[in-house]
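**Q** Below you will find the structure I want to go over with you.
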Amino acid sequence: MKILMVCLGNICRSPLAEGILQHKANEAELNVTVDSAGTIALHEGELPDSRSITTAHEHGIDITNQRSRPLKKEDFDTFDRIYVMDASNYTDVLGLAKDEDQRAKVKMILNESYPGENRRVPDPYYGGDEGFENVYQLLDKACSVIVDNLKG
Ligand code: 4NP
């Protein structure tokens with residue numbers, strides 16, 4: 001199973017989502033590969049935002065191996081599922097999908113923990129540090145549901 005996490009810049013939210021899900025999947029000894037990407041290339045090659053690195057570290061997860069990269073069309077072939085953080089990501093990602101099979105791979109991540117509600121993971125980039133802990137908690141809950149469902 002290959003899962004891609006997508007946000008706007010691939011420096012705040014999706015790096016946390018990647019780190020949390022990979023950590024939980026490894027702990028559950030599941031054969032899951034997680035990656036992340038952004039809908040914009042502005043931060044390509046950069047480390048995650050230092051506030052995301054710190055928040056992950058506080059929860060025992062190292063995300064400093066990650067580098068920002070933009071989403072590419074081939075990702076729809078490589079990955080089984082593509083999770084987005086908000087409705088804007090959703091629209092942008094669907095715009096790169098070439099058919100219904102590819103569009104069906106794209107899901108709002110908080111629909112795992114809040115089914116059918118289309119809740120967003122708020123963009124913490126312009127806010128304070130507490131925004132990153134809030135993002136962490138939302139993603140932690142969603143990733144627990146994902147792993148529980150993969151365990152079957
Ligand atoms: P992310 O946050 O999408 O969670 O990585 C952002 C990162 C960068 C920008 C906006 C949001 N930006 O405008 O550069």
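Residue names in the structure tokens use chain letters A, B, ... in the order shown, residue numbers from 1 in each chain, and ligand numbers from 1 in the order shown.
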Within 12 Å of ligand 1 (counting only C-alpha atoms and all ligand atoms), which residues show up? I'd like them as a ChimeraX atom specification.
**A** /A:5-18,36-44,46-52,67-70,84-86,88-89,120-127,131-132,135-136,139
**Q** Put those residues in a file: C-alpha atoms, as an mmCIF file, in the first residue's frame.
**A**
data_model
loop_
_atom_site.group_PDB
_atom_site.id
_atom_site.type_symbol
_atom_site.label_atom_id
_atom_site.label_comp_id
_atom_site.auth_asym_id
_atom_site.auth_seq_id
_atom_site.Cartn_x
_atom_site.Cartn_y
_atom_site.Cartn_z
ATOM 1 C CA MET A 5 -0.176 13.135 1.716
ATOM 2 C CA VAL A 6 -0.741 16.450 -0.067
ATOM 3 C CA CYS A 7 -1.028 20.069 1.131
ATOM 4 C CA LEU A 8 -0.218 23.426 -0.460
ATOM 5 C CA GLY A 9 3.482 23.921 0.264
ATOM 6 C CA ASN A 10 4.537 20.462 1.501
ATOM 7 C CA ILE A 11 6.363 22.075 4.413
ATOM 8 C CA CYS A 12 3.775 22.245 7.256
ATOM 9 C CA ARG A 13 0.811 19.848 7.173
ATOM 10 C CA SER A 14 1.624 17.022 4.737
ATOM 11 C CA PRO A 15 5.136 16.423 6.186
ATOM 12 C CA LEU A 16 3.492 15.915 9.595
ATOM 13 C CA ALA A 17 0.881 13.618 8.020
ATOM 14 C CA GLU A 18 3.618 11.606 6.293
ATOM 15 C CA SER A 36 4.093 13.706 0.691
ATOM 16 C CA ALA A 37 3.917 16.483 -1.885
ATOM 17 C CA GLY A 38 2.607 20.020 -2.385
ATOM 18 C CA THR A 39 0.283 21.502 -4.966
ATOM 19 C CA ILE A 40 2.792 24.354 -5.432
ATOM 20 C CA ALA A 41 6.561 24.078 -6.072
ATOM 21 C CA LEU A 42 7.473 27.233 -4.112
ATOM 22 C CA HIS A 43 9.341 25.358 -1.364
ATOM 23 C CA GLU A 44 10.837 22.579 -3.520
ATOM 24 C CA GLU A 46 13.324 22.649 1.487
ATOM 25 C CA LEU A 47 13.123 20.911 4.841
ATOM 26 C CA PRO A 48 9.739 20.920 6.582
ATOM 27 C CA ASP A 49 8.908 24.159 8.444
ATOM 28 C CA SER A 50 10.910 24.275 11.689
ATOM 29 C CA ARG A 51 7.641 24.393 13.676
ATOM 30 C CA SER A 52 6.519 21.111 12.062
ATOM 31 C CA ARG A 67 12.229 17.566 1.455
ATOM 32 C CA SER A 68 9.409 19.503 -0.172
ATOM 33 C CA ARG A 69 8.424 18.487 -3.678
ATOM 34 C CA PRO A 70 5.511 19.339 -5.962
ATOM 35 C CA VAL A 84 -5.487 16.109 0.953
ATOM 36 C CA MET A 85 -5.775 18.573 3.846
ATOM 37 C CA ASP A 86 -8.471 20.985 2.634
ATOM 38 C CA SER A 88 -8.521 23.901 -2.007
ATOM 39 C CA ASN A 89 -5.962 21.053 -2.133
ATOM 40 C CA ARG A 120 -10.175 20.763 6.784
ATOM 41 C CA VAL A 121 -6.799 20.599 8.423
ATOM 42 C CA PRO A 122 -6.254 24.353 8.964
ATOM 43 C CA ASP A 123 -3.172 25.849 7.361
ATOM 44 C CA PRO A 124 -0.886 26.773 10.309
ATOM 45 C CA TYR A 125 1.730 28.602 8.204
ATOM 46 C CA TYR A 126 0.795 32.186 9.145
ATOM 47 C CA GLY A 127 -0.232 31.445 12.734
ATOM 48 C CA GLY A 131 -1.587 25.838 15.329
ATOM 49 C CA PHE A 132 1.000 23.126 14.670
ATOM 50 C CA VAL A 135 -2.672 20.092 13.219
ATOM 51 C CA TYR A 136 -0.692 17.290 14.848
ATOM 52 C CA LEU A 139 -3.683 14.209 11.858
#
**Q** Could you find all residues in chain A that DSSP calls helix (DSSP H, G or I) from the backbone, and write them as an MDAnalysis selection string?
**A** chainID A and resid 13:27 50:58 75:78 87:94 100:103 109:111 129:151
**Q** Dump C-alpha atoms for the selected residues as a PDB file, in the first residue's frame?
**A**
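The resulting file, result_9.pdb, is reproduced below:
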ATOM      1  CA  ARG A  13       0.811  19.848   7.173  1.00  0.00           C
ATOM      2  CA  SER A  14       1.624  17.022   4.737  1.00  0.00           C
ATOM      3  CA  PRO A  15       5.136  16.423   6.186  1.00  0.00           C
ATOM      4  CA  LEU A  16       3.492  15.915   9.595  1.00  0.00           C
ATOM      5  CA  ALA A  17       0.881  13.618   8.020  1.00  0.00           C
ATOM      6  CA  GLU A  18       3.618  11.606   6.293  1.00  0.00           C
ATOM      7  CA  GLY A  19       5.669  11.283   9.482  1.00  0.00           C
ATOM      8  CA  ILE A  20       2.723  10.337  11.693  1.00  0.00           C
ATOM      9  CA  LEU A  21       1.238   7.746   9.325  1.00  0.00           C
ATOM     10  CA  GLN A  22       4.609   6.123   8.527  1.00  0.00           C
ATOM     11  CA  HIS A  23       5.386   5.946  12.251  1.00  0.00           C
ATOM     12  CA  LYS A  24       2.041   4.310  13.092  1.00  0.00           C
ATOM     13  CA  ALA A  25       2.249   1.909  10.128  1.00  0.00           C
ATOM     14  CA  ASN A  26       5.757   0.842  11.140  1.00  0.00           C
ATOM     15  CA  GLU A  27       4.648   0.286  14.728  1.00  0.00           C
ATOM     16  CA  SER A  50      10.910  24.275  11.689  1.00  0.00           C
ATOM     17  CA  ARG A  51       7.641  24.393  13.676  1.00  0.00           C
ATOM     18  CA  SER A  52       6.519  21.111  12.062  1.00  0.00           C
ATOM     19  CA  ILE A  53       9.916  19.553  12.809  1.00  0.00           C
ATOM     20  CA  THR A  54       9.667  20.660  16.457  1.00  0.00           C
ATOM     21  CA  THR A  55       6.079  19.470  16.884  1.00  0.00           C
ATOM     22  CA  ALA A  56       6.871  16.051  15.373  1.00  0.00           C
ATOM     23  CA  HIS A  57       9.993  15.787  17.546  1.00  0.00           C
ATOM     24  CA  GLU A  58       7.938  16.530  20.677  1.00  0.00           C
ATOM     25  CA  ASP A  75       1.924  10.206  -8.493  1.00  0.00           C
ATOM     26  CA  PHE A  76      -1.572   9.081  -9.500  1.00  0.00           C
ATOM     27  CA  ASP A  77      -0.058   5.858 -10.907  1.00  0.00           C
ATOM     28  CA  THR A  78       2.444   5.327  -8.068  1.00  0.00           C
ATOM     29  CA  ALA A  87     -10.966  21.707  -0.131  1.00  0.00           C
ATOM     30  CA  SER A  88      -8.521  23.901  -2.007  1.00  0.00           C
ATOM     31  CA  ASN A  89      -5.962  21.053  -2.133  1.00  0.00           C
ATOM     32  CA  TYR A  90      -8.776  18.743  -3.232  1.00  0.00           C
ATOM     33  CA  THR A  91      -9.683  20.916  -6.211  1.00  0.00           C
ATOM     34  CA  ASP A  92      -6.032  21.397  -7.186  1.00  0.00           C
ATOM     35  CA  VAL A  93      -5.188  17.680  -6.980  1.00  0.00           C
ATOM     36  CA  LEU A  94      -8.286  16.625  -8.925  1.00  0.00           C
ATOM     37  CA  GLU A 100     -12.255   8.554 -12.754  1.00  0.00           C
ATOM     38  CA  ASP A 101      -9.923   5.873 -11.329  1.00  0.00           C
ATOM     39  CA  GLN A 102      -7.385   8.540 -10.467  1.00  0.00           C
ATOM     40  CA  ARG A 103      -9.992  10.950  -9.088  1.00  0.00           C
ATOM     41  CA  ILE A 109      -7.936  13.109   5.311  1.00  0.00           C
ATOM     42  CA  LEU A 110     -10.253  14.239   8.133  1.00  0.00           C
ATOM     43  CA  ASN A 111     -13.106  12.256   6.570  1.00  0.00           C
ATOM     44  CA  ASP A 129       3.073  27.444  17.329  1.00  0.00           C
ATOM     45  CA  GLU A 130      -0.217  26.224  18.858  1.00  0.00           C
ATOM     46  CA  GLY A 131      -1.587  25.838  15.329  1.00  0.00           C
ATOM     47  CA  PHE A 132       1.000  23.126  14.670  1.00  0.00           C
ATOM     48  CA  GLU A 133       0.032  21.126  17.764  1.00  0.00           C
ATOM     49  CA  ASN A 134      -3.627  21.378  16.684  1.00  0.00           C
ATOM     50  CA  VAL A 135      -2.672  20.092  13.219  1.00  0.00           C
ATOM     51  CA  TYR A 136      -0.692  17.290  14.848  1.00  0.00           C
ATOM     52  CA  GLN A 137      -3.661  16.190  16.980  1.00  0.00           C
ATOM     53  CA  LEU A 138      -6.080  16.234  14.018  1.00  0.00           C
ATOM     54  CA  LEU A 139      -3.683  14.209  11.858  1.00  0.00           C
ATOM     55  CA  ASP A 140      -2.819  11.809  14.674  1.00  0.00           C
ATOM     56  CA  LYS A 141      -6.483  10.912  15.095  1.00  0.00           C
ATOM     57  CA  ALA A 142      -7.057  10.475  11.338  1.00  0.00           C
ATOM     58  CA  CYS A 143      -3.899   8.360  10.927  1.00  0.00           C
ATOM     59  CA  SER A 144      -4.961   6.091  13.792  1.00  0.00           C
ATOM     60  CA  VAL A 145      -8.213   5.375  11.940  1.00  0.00           C
ATOM     61  CA  ILE A 146      -6.310   4.738   8.682  1.00  0.00           C
ATOM     62  CA  VAL A 147      -3.979   2.253  10.387  1.00  0.00           C
ATOM     63  CA  ASP A 148      -6.833   0.520  12.250  1.00  0.00           C
ATOM     64  CA  ASN A 149      -8.682   0.036   8.953  1.00  0.00           C
ATOM     65  CA  LEU A 150      -5.548  -1.263   7.201  1.00  0.00           C
ATOM     66  CA  LYS A 151      -5.020  -3.759  10.033  1.00  0.00           C
TER      67      LYS A 151
END
**Q** Would you mind reading off the distance between CA of Glu112 in chain A and CA of Val34 in chain A, one decimal, in Å?
**A**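 CA of Val34 in chain A lies at a distance of 16.4 Å from CA of Glu112 in chain A.
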**Q** Of the candidates A:Asp80, A:Glu29, A:Asp62, A:Glu74, which shows the shortest atom-to-atom distance to Ile3 in chain A, using only C-alpha atoms?
**A** A:Asp80
**Q** Determine, counting only C-alpha atoms, which protein, DNA and RNA residues have an atom within 9 Å of an atom of Lys73 in chain A; residues of the same chain fewer than 6 positions away are not included. Present the result as an mmCIF file with C-alpha atoms, in the first residue's frame.
**A**
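What follows is the written file result_6.cif:
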data_model
loop_
_atom_site.group_PDB
_atom_site.id
_atom_site.type_symbol
_atom_site.label_atom_id
_atom_site.label_comp_id
_atom_site.auth_asym_id
_atom_site.auth_seq_id
_atom_site.Cartn_x
_atom_site.Cartn_y
_atom_site.Cartn_z
ATOM 1 C CA LEU A 96 -4.152 16.796 -12.316
ATOM 2 C CA ALA A 97 -6.091 13.505 -12.378
ATOM 3 C CA LYS A 98 -6.690 12.060 -15.821
#
**Q** Write out as a PyMOL selection string all residues of chain A that DSSP puts in strand (DSSP E) for this structure's backbone.
**A** chain A and resi 2-7+33-38+81-84+106-108
**Q** Would you mind exporting the chosen residues as a PDB file, in the first residue's frame, restricted to N, CA and C atoms?
**A**
ATOM      1  N   LYS A   2       0.654   2.129  -0.941  1.00  0.00           N
ATOM      2  CA  LYS A   2       1.410   3.386  -1.026  1.00  0.00           C
ATOM      3  C   LYS A   2       0.438   4.557  -0.861  1.00  0.00           C
ATOM      4  N   ILE A   3       0.761   5.435   0.078  1.00  0.00           N
ATOM      5  CA  ILE A   3      -0.133   6.540   0.411  1.00  0.00           C
ATOM      6  C   ILE A   3       0.610   7.870   0.296  1.00  0.00           C
ATOM      7  N   LEU A   4      -0.007   8.830  -0.375  1.00  0.00           N
ATOM      8  CA  LEU A   4       0.589  10.156  -0.539  1.00  0.00           C
ATOM      9  C   LEU A   4      -0.236  11.191   0.218  1.00  0.00           C
ATOM     10  N   MET A   5       0.445  12.024   1.001  1.00  0.00           N
ATOM     11  CA  MET A   5      -0.176  13.135   1.716  1.00  0.00           C
ATOM     12  C   MET A   5       0.113  14.432   0.958  1.00  0.00           C
ATOM     13  N   VAL A   6      -0.924  15.232   0.726  1.00  0.00           N
ATOM     14  CA  VAL A   6      -0.741  16.450  -0.067  1.00  0.00           C
ATOM     15  C   VAL A   6      -1.319  17.677   0.651  1.00  0.00           C
ATOM     16  N   CYS A   7      -0.516  18.760   0.696  1.00  0.00           N
ATOM     17  CA  CYS A   7      -1.028  20.069   1.131  1.00  0.00           C
ATOM     18  C   CYS A   7      -0.566  21.114   0.113  1.00  0.00           C
ATOM     19  N   THR A  33       3.995   2.354   2.551  1.00  0.00           N
ATOM     20  CA  THR A  33       4.963   3.405   2.233  1.00  0.00           C
ATOM     21  C   THR A  33       4.222   4.726   2.137  1.00  0.00           C
ATOM     22  N   VAL A  34       4.712   5.735   2.853  1.00  0.00           N
ATOM     23  CA  VAL A  34       4.058   7.040   2.859  1.00  0.00           C
ATOM     24  C   VAL A  34       5.024   8.087   2.302  1.00  0.00           C
ATOM     25  N   ASP A  35       4.503   8.979   1.478  1.00  0.00           N
ATOM     26  CA  ASP A  35       5.273  10.094   0.937  1.00  0.00           C
ATOM     27  C   ASP A  35       4.373  11.325   1.034  1.00  0.00           C
ATOM     28  N   SER A  36       4.925  12.508   0.713  1.00  0.00           N
ATOM     29  CA  SER A  36       4.093  13.706   0.691  1.00  0.00           C
ATOM     30  C   SER A  36       4.552  14.632  -0.419  1.00  0.00           C
ATOM     31  N   ALA A  37       3.645  15.542  -0.799  1.00  0.00           N
ATOM     32  CA  ALA A  37       3.917  16.483  -1.885  1.00  0.00           C
ATOM     33  C   ALA A  37       3.055  17.720  -1.684  1.00  0.00           C
ATOM     34  N   GLY A  38       3.380  18.784  -2.435  1.00  0.00           N
ATOM     35  CA  GLY A  38       2.607  20.020  -2.385  1.00  0.00           C
ATOM     36  C   GLY A  38       1.969  20.313  -3.726  1.00  0.00           C
ATOM     37  N   ARG A  81      -3.577   5.713  -2.671  1.00  0.00           N
ATOM     38  CA  ARG A  81      -4.457   6.717  -2.071  1.00  0.00           C
ATOM     39  C   ARG A  81      -3.714   8.036  -1.993  1.00  0.00           C
ATOM     40  N   ILE A  82      -4.453   9.114  -2.177  1.00  0.00           N
ATOM     41  CA  ILE A  82      -3.895  10.455  -2.039  1.00  0.00           C
ATOM     42  C   ILE A  82      -4.797  11.230  -1.075  1.00  0.00           C
ATOM     43  N   TYR A  83      -4.246  11.573   0.092  1.00  0.00           N
ATOM     44  CA  TYR A  83      -5.005  12.335   1.080  1.00  0.00           C
ATOM     45  C   TYR A  83      -4.654  13.813   0.993  1.00  0.00           C
ATOM     46  N   VAL A  84      -5.690  14.663   0.962  1.00  0.00           N
ATOM     47  CA  VAL A  84      -5.487  16.109   0.953  1.00  0.00           C
ATOM     48  C   VAL A  84      -5.967  16.707   2.281  1.00  0.00           C
ATOM     49  N   VAL A 106      -8.423  10.238  -4.461  1.00  0.00           N
ATOM     50  CA  VAL A 106      -8.215  11.477  -3.703  1.00  0.00           C
ATOM     51  C   VAL A 106      -9.283  11.629  -2.622  1.00  0.00           C
ATOM     52  N   LYS A 107      -8.814  11.800  -1.374  1.00  0.00           N
ATOM     53  CA  LYS A 107      -9.746  11.903  -0.241  1.00  0.00           C
ATOM     54  C   LYS A 107      -9.296  12.997   0.737  1.00  0.00           C
ATOM     55  N   MET A 108     -10.283  13.634   1.361  1.00  0.00           N
ATOM     56  CA  MET A 108     -10.002  14.574   2.454  1.00  0.00           C
ATOM     57  C   MET A 108      -9.616  13.759   3.693  1.00  0.00           C
TER      58      MET A 108
END
**Q** Give me, please, the distance in Å between CA of Lys72 in chain A and CA of Ala28 in chain A, quoted to one decimal.
**A**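 Straight-line distance from CA of Lys72 in chain A to CA of Ala28 in chain A works out to 29.3 Å.
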